[in-house]
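To keep things clear, I will list the structure first and then write my remarks on it.
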Amino acid sequence: MGTFQTTLLCLVLLHRCISTAASDEEWKFTDQDWKSATATYTKDINDSIITEGACGYGDFRRTSYGKYSAGLSTLLFNKGNTCGGCFELRCVDHILWCLPGSPSIVVTATDFCPPNYGLPVDYGGWCNFPQEHFEMSEVAFFEIAERRADKIPVQYRRVSCERTGGIRFTLTGNANFNQVLITNVGLDGEVVAVKIKGSKTGWVQMARNWGQYWHCNINLKGQPLSFEVSTREGRMLTSYNVAPPNWQFGQTFEGKQF
């Protein structure tokens, strides 16, 4: 290869690296406009909402979401598509209920706050469509509001999810029904498509079962498993041979991270 071609190739590769880095930074640091909503809290045990939740994450203390988890109203939950997404919240416009300086916290969408159309939106029906509402853990709620507060006005915006470690894949199902729960997803946090691959198969598209459970009807026992995860913002990440050939249902494996 001549000097000119080598120089041109280096410039192209450098441009791609800079473009990719700029794209990552833009997603991570671009501020979105604050939007108005309301928030309440549910009493919990050991600082976590520990019920399984409509996203299927199970015990949140074991999936890294812990006390910083929230149930979303019908509009925000979007039929489960928002599961895993991160929101920054701050209490605003209430001198008695909001903490001084309006500190903010980041919560992960882990559950659905069901509507109650028998009650008005300002008294018990705050999750009715088309209200925008967050039901938080008690501990997280009082990081932005006074102890005497109940239902508070908040502002929210979507933010990047900061996660420790890689994406986690929990395998469930049976020989001909492979199901995987996907947790600990970084960046926008919302998984919109999943593919799975064994050593004897090509890439197989999985279907959303519910929440962040994805499934396919194929026998993959005895094969190492690879996963391809796509997020709402169009990012795709492939983790090869995440599970060894002797994997068992009920086990959790960790892949790459965005």
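We name chains A, B, ... following the order of the structure tokens; residues begin at 1 in each chain, and ligands are numbered from 1 as shown.
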Can you check which parts of segment 88-188 of chain A lie within 7 Å of segment 33-37 of chain A? Per residue, the shortest pair of atoms and distance in Å to one decimal, counting only C-alpha atoms, sorted by chain and number, as a tab-separated table.
```
residue	atom	partner	partner_atom	distance
A:Glu132	CA	A:Ala37	CA	5.0
A:His133	CA	A:Ala37	CA	5.5
A:Pro153	CA	A:Ala37	CA	6.1
A:Val154	CA	A:Ala37	CA	5.3
A:Gln155	CA	A:Ser36	CA	4.6
A:Tyr156	CA	A:Lys35	CA	5.3
A:Arg157	CA	A:Trp34	CA	5.2
```
Problem - For segment 180-191 of chain A: contacts at 8 Å, only C-alpha atoms, fewer than 5 positions along chain excluded, given as number ranges by chain - result: A: 27-28, 56-57, 63-64, 81-86, 159-172, 212-215, 229-233, 257-258
Pick out each residue of segment 13-252 of chain A that DSSP on the backbone tags as alpha helix (DSSP H); I need them as a CSV table (one decimal) with all heavy atoms, in the first residue's frame.
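Output contents, as saved in result_33.csv:
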```csv
chain,number,residue,atom,x,y,z
A,13,LEU,N,-10.1,6.1,9.5
A,13,LEU,CA,-10.3,5.4,10.8
A,13,LEU,C,-10.3,6.4,11.9
A,13,LEU,O,-11.1,6.3,12.9
A,13,LEU,CB,-9.1,4.4,11.0
A,13,LEU,CG,-9.1,3.2,10.1
A,13,LEU,CD1,-7.8,2.4,10.3
A,13,LEU,CD2,-10.3,2.4,10.3
A,14,LEU,N,-9.5,7.5,11.9
A,14,LEU,CA,-9.5,8.5,12.9
A,14,LEU,C,-10.8,9.2,12.9
A,14,LEU,O,-11.4,9.5,14.0
A,14,LEU,CB,-8.4,9.5,12.7
A,14,LEU,CG,-8.3,10.7,13.7
A,14,LEU,CD1,-8.0,10.1,15.1
A,14,LEU,CD2,-7.2,11.6,13.2
A,15,HIS,N,-11.4,9.5,11.8
A,15,HIS,CA,-12.7,10.2,11.7
A,15,HIS,C,-13.8,9.3,12.3
A,15,HIS,O,-14.7,9.8,13.0
A,15,HIS,CB,-13.0,10.5,10.2
A,15,HIS,CG,-14.4,11.2,10.1
A,15,HIS,ND1,-15.5,10.5,9.8
A,15,HIS,CD2,-14.7,12.5,10.2
A,15,HIS,CE1,-16.5,11.3,9.7
A,15,HIS,NE2,-16.1,12.5,9.9
A,16,ARG,N,-13.7,8.0,12.0
A,16,ARG,CA,-14.8,7.1,12.6
A,16,ARG,C,-14.7,7.1,14.1
A,16,ARG,O,-15.7,7.1,14.8
A,16,ARG,CB,-14.6,5.7,12.0
A,16,ARG,CG,-15.0,5.6,10.6
A,16,ARG,CD,-14.9,4.2,10.1
A,16,ARG,NE,-15.4,4.1,8.7
A,16,ARG,CZ,-15.3,3.0,8.0
A,16,ARG,NH1,-14.9,1.8,8.6
A,16,ARG,NH2,-15.8,2.9,6.8
A,17,CYS,N,-13.4,7.0,14.6
A,17,CYS,CA,-13.3,7.0,16.1
A,17,CYS,C,-13.8,8.3,16.8
A,17,CYS,O,-14.4,8.2,17.8
A,17,CYS,CB,-11.8,6.8,16.4
A,17,CYS,SG,-11.1,5.2,16.0
A,18,ILE,N,-13.4,9.4,16.1
A,18,ILE,CA,-13.9,10.7,16.7
A,18,ILE,C,-15.4,10.8,16.6
A,18,ILE,O,-16.1,11.3,17.6
A,18,ILE,CB,-13.2,11.9,15.9
A,18,ILE,CG1,-11.7,11.9,16.2
A,18,ILE,CG2,-13.8,13.2,16.3
A,18,ILE,CD1,-11.0,12.9,15.4
A,19,SER,N,-16.0,10.4,15.5
A,19,SER,CA,-17.4,10.4,15.4
A,19,SER,C,-18.2,9.6,16.4
A,19,SER,O,-19.2,10.0,17.0
A,19,SER,CB,-17.8,10.0,13.9
A,19,SER,OG,-17.3,10.8,13.0
A,20,THR,N,-17.6,8.3,16.6
A,20,THR,CA,-18.2,7.4,17.6
A,20,THR,C,-18.1,8.0,19.0
A,20,THR,O,-19.1,8.0,19.8
A,20,THR,CB,-17.5,6.1,17.6
A,20,THR,OG1,-17.6,5.5,16.3
A,20,THR,CG2,-18.1,5.1,18.6
A,21,ALA,N,-17.0,8.6,19.4
A,21,ALA,CA,-16.8,9.2,20.7
A,21,ALA,C,-17.7,10.4,20.8
A,21,ALA,O,-18.3,10.6,21.9
A,21,ALA,CB,-15.3,9.6,20.9
A,22,ALA,N,-17.8,11.2,19.8
A,22,ALA,CA,-18.7,12.4,19.9
A,22,ALA,C,-20.2,11.9,20.1
A,22,ALA,O,-20.9,12.5,20.8
A,22,ALA,CB,-18.6,13.2,18.6
A,23,SER,N,-20.6,10.9,19.4
A,23,SER,CA,-21.9,10.3,19.5
A,23,SER,C,-22.2,9.9,20.9
A,23,SER,O,-23.2,10.2,21.5
A,23,SER,CB,-22.1,9.2,18.5
A,23,SER,OG,-23.4,8.6,18.7
A,24,ASP,N,-21.2,9.2,21.5
A,24,ASP,CA,-21.4,8.7,22.9
A,24,ASP,C,-21.5,9.9,23.9
A,24,ASP,O,-22.4,9.9,24.8
A,24,ASP,CB,-20.2,7.9,23.3
A,24,ASP,CG,-20.2,6.5,22.6
A,24,ASP,OD1,-21.2,6.2,22.0
A,24,ASP,OD2,-19.1,5.9,22.6
A,25,GLU,N,-20.6,10.9,23.7
A,25,GLU,CA,-20.7,12.0,24.6
A,25,GLU,C,-22.0,12.8,24.4
A,25,GLU,O,-22.6,13.3,25.4
A,25,GLU,CB,-19.5,13.0,24.3
A,25,GLU,CG,-18.1,12.4,24.7
A,25,GLU,CD,-18.1,12.0,26.2
A,25,GLU,OE1,-18.4,12.9,27.0
A,25,GLU,OE2,-17.8,10.9,26.5
A,26,GLU,N,-22.5,12.9,23.2
A,26,GLU,CA,-23.7,13.7,22.9
A,26,GLU,C,-24.9,13.0,23.7
A,26,GLU,O,-25.7,13.7,24.3
A,26,GLU,CB,-24.0,13.7,21.4
A,26,GLU,CG,-25.2,14.5,21.1
A,26,GLU,CD,-25.5,14.5,19.6
A,26,GLU,OE1,-24.7,13.9,18.8
A,26,GLU,OE2,-26.5,15.2,19.2
A,27,TRP,N,-24.9,11.7,23.6
A,27,TRP,CA,-26.0,11.0,24.3
A,27,TRP,C,-25.9,11.1,25.8
A,27,TRP,O,-26.8,11.3,26.5
A,27,TRP,CB,-26.0,9.5,23.9
A,27,TRP,CG,-26.8,8.7,24.9
A,27,TRP,CD1,-26.3,7.8,25.8
A,27,TRP,CD2,-28.2,8.7,25.2
A,27,TRP,NE1,-27.3,7.3,26.6
A,27,TRP,CE2,-28.5,7.9,26.2
A,27,TRP,CE3,-29.2,9.5,24.6
A,27,TRP,CZ2,-29.7,7.7,26.7
A,27,TRP,CZ3,-30.5,9.3,25.2
A,27,TRP,CH2,-30.8,8.4,26.2
A,28,LYS,N,-24.7,11.0,26.3
A,28,LYS,CA,-24.5,11.0,27.7
A,28,LYS,C,-24.7,12.4,28.4
A,28,LYS,O,-25.2,12.5,29.5
A,28,LYS,CB,-23.0,10.6,28.0
A,28,LYS,CG,-22.8,10.3,29.5
A,28,LYS,CD,-21.4,9.7,29.7
A,28,LYS,CE,-21.1,9.4,31.2
A,28,LYS,NZ,-19.8,8.7,31.4
A,29,PHE,N,-24.3,13.5,27.6
A,29,PHE,CA,-24.3,14.8,28.3
A,29,PHE,C,-25.3,15.8,27.8
A,29,PHE,O,-25.5,16.9,28.3
A,29,PHE,CB,-22.9,15.4,28.2
A,29,PHE,CG,-21.9,14.6,28.9
A,29,PHE,CD1,-20.9,13.9,28.2
A,29,PHE,CD2,-21.9,14.5,30.3
A,29,PHE,CE1,-19.9,13.2,28.9
A,29,PHE,CE2,-20.9,13.7,31.0
A,29,PHE,CZ,-19.9,13.1,30.3
A,74,THR,N,-49.5,5.1,33.3
A,74,THR,CA,-49.7,4.5,32.0
A,74,THR,C,-49.0,5.1,30.9
A,74,THR,O,-48.4,4.4,30.0
A,74,THR,CB,-51.3,4.5,31.8
A,74,THR,OG1,-51.9,3.9,32.9
A,74,THR,CG2,-51.6,3.8,30.5
A,75,LEU,N,-49.1,6.4,30.8
A,75,LEU,CA,-48.4,7.2,29.7
A,75,LEU,C,-46.9,7.0,29.6
A,75,LEU,O,-46.3,6.7,28.6
A,75,LEU,CB,-48.8,8.6,29.8
A,75,LEU,CG,-48.2,9.5,28.7
A,75,LEU,CD1,-48.8,9.2,27.3
A,75,LEU,CD2,-48.4,11.0,29.0
A,76,LEU,N,-46.3,7.1,30.8
A,76,LEU,CA,-44.8,7.0,30.9
A,76,LEU,C,-44.4,5.5,30.7
A,76,LEU,O,-43.3,5.3,30.1
A,76,LEU,CB,-44.3,7.5,32.2
A,76,LEU,CG,-44.5,9.0,32.4
A,76,LEU,CD1,-44.0,9.5,33.8
A,76,LEU,CD2,-43.6,9.8,31.3
A,77,PHE,N,-45.1,4.6,31.2
A,77,PHE,CA,-44.8,3.2,31.2
A,77,PHE,C,-44.8,2.6,29.8
A,77,PHE,O,-43.9,1.8,29.4
A,77,PHE,CB,-45.7,2.3,32.1
A,77,PHE,CG,-45.3,0.9,32.3
A,77,PHE,CD1,-44.1,0.6,33.0
A,77,PHE,CD2,-46.0,-0.1,31.7
A,77,PHE,CE1,-43.7,-0.7,33.2
A,77,PHE,CE2,-45.6,-1.4,31.9
A,77,PHE,CZ,-44.5,-1.7,32.7
A,138,GLU,N,-39.9,4.9,49.3
A,138,GLU,CA,-40.0,5.9,50.4
A,138,GLU,C,-38.7,6.6,50.6
A,138,GLU,O,-38.6,7.9,50.8
A,138,GLU,CB,-40.5,5.3,51.7
A,138,GLU,CG,-40.7,6.2,52.8
A,138,GLU,CD,-41.2,5.5,54.1
A,138,GLU,OE1,-41.2,4.3,54.1
A,138,GLU,OE2,-41.6,6.2,55.0
A,139,VAL,N,-37.6,5.9,50.6
A,139,VAL,CA,-36.3,6.5,50.9
A,139,VAL,C,-35.9,7.4,49.8
A,139,VAL,O,-35.4,8.5,50.1
A,139,VAL,CB,-35.2,5.3,51.1
A,139,VAL,CG1,-33.8,5.9,51.2
A,139,VAL,CG2,-35.6,4.5,52.3
A,140,ALA,N,-36.1,7.0,48.6
A,140,ALA,CA,-35.7,7.9,47.4
A,140,ALA,C,-36.6,9.2,47.4
A,140,ALA,O,-36.1,10.3,47.2
A,140,ALA,CB,-35.9,7.2,46.1
A,141,PHE,N,-37.9,9.0,47.7
A,141,PHE,CA,-38.8,10.2,47.7
A,141,PHE,C,-38.3,11.2,48.7
A,141,PHE,O,-38.3,12.4,48.4
A,141,PHE,CB,-40.2,9.7,48.1
A,141,PHE,CG,-41.3,10.7,48.1
A,141,PHE,CD1,-41.9,11.0,46.9
A,141,PHE,CD2,-41.6,11.4,49.3
A,141,PHE,CE1,-43.0,12.0,46.9
A,141,PHE,CE2,-42.6,12.4,49.3
A,141,PHE,CZ,-43.3,12.6,48.1
```
Practice task
State, in Å with one decimal place, the distance from atom CA of Gln248 of chain A to atom CA of Ser226 of chain A.
Solution key: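 Computed distance, atom CA of Gln248 of chain A to atom CA of Ser226 of chain A, equals 14.7 Å.
Atom CA of Asn128 of chain A is positioned 6.9 Å from atom CA of Ser73 of chain A.
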When you look at Trp210 of chain A with a cut-off of 9 Å (counting only C-alpha atoms), what residues show up, excluding the ones that are within fewer than 6 positions of it in the same chain? I need them as a PDB file with N, CA, C and O atoms, in the first residue's frame.
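Result file follows (out-v9.pdb):
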```
ATOM      1  N   ALA A  54     -43.793  -4.887  37.254  1.00  0.00           N
ATOM      2  CA  ALA A  54     -44.291  -5.196  35.925  1.00  0.00           C
ATOM      3  C   ALA A  54     -43.184  -5.344  34.889  1.00  0.00           C
ATOM      4  O   ALA A  54     -43.462  -5.728  33.750  1.00  0.00           O
ATOM      5  N   CYS A  55     -41.946  -5.034  35.249  1.00  0.00           N
ATOM      6  CA  CYS A  55     -40.830  -5.218  34.320  1.00  0.00           C
ATOM      7  C   CYS A  55     -40.148  -6.565  34.500  1.00  0.00           C
ATOM      8  O   CYS A  55     -39.303  -6.950  33.695  1.00  0.00           O
ATOM      9  N   GLY A  56     -40.486  -7.269  35.601  1.00  0.00           N
ATOM     10  CA  GLY A  56     -39.953  -8.612  35.814  1.00  0.00           C
ATOM     11  C   GLY A  56     -38.598  -8.673  36.482  1.00  0.00           C
ATOM     12  O   GLY A  56     -37.972  -9.737  36.497  1.00  0.00           O
ATOM     13  N   GLY A  80     -44.704  -1.092  28.901  1.00  0.00           N
ATOM     14  CA  GLY A  80     -43.491  -1.808  29.299  1.00  0.00           C
ATOM     15  C   GLY A  80     -42.264  -1.455  28.501  1.00  0.00           C
ATOM     16  O   GLY A  80     -41.155  -1.889  28.834  1.00  0.00           O
TER      17      GLY A  80
END
```
Handout entry: All residues 7 Å or closer to segment 205-207 of chain A, only C-alpha atoms, same chain fewer than 2 positions away omitted, as a list in words
Key =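 In the requested format, the answer is Val194, Lys195, Ile196, Trp203, Asn209, Trp214, His215 and Cys216 of chain A.
Pairwise distance (atom CA of Phe129 of chain A, atom CA of Thr40 of chain A) equals 16.3 Å.
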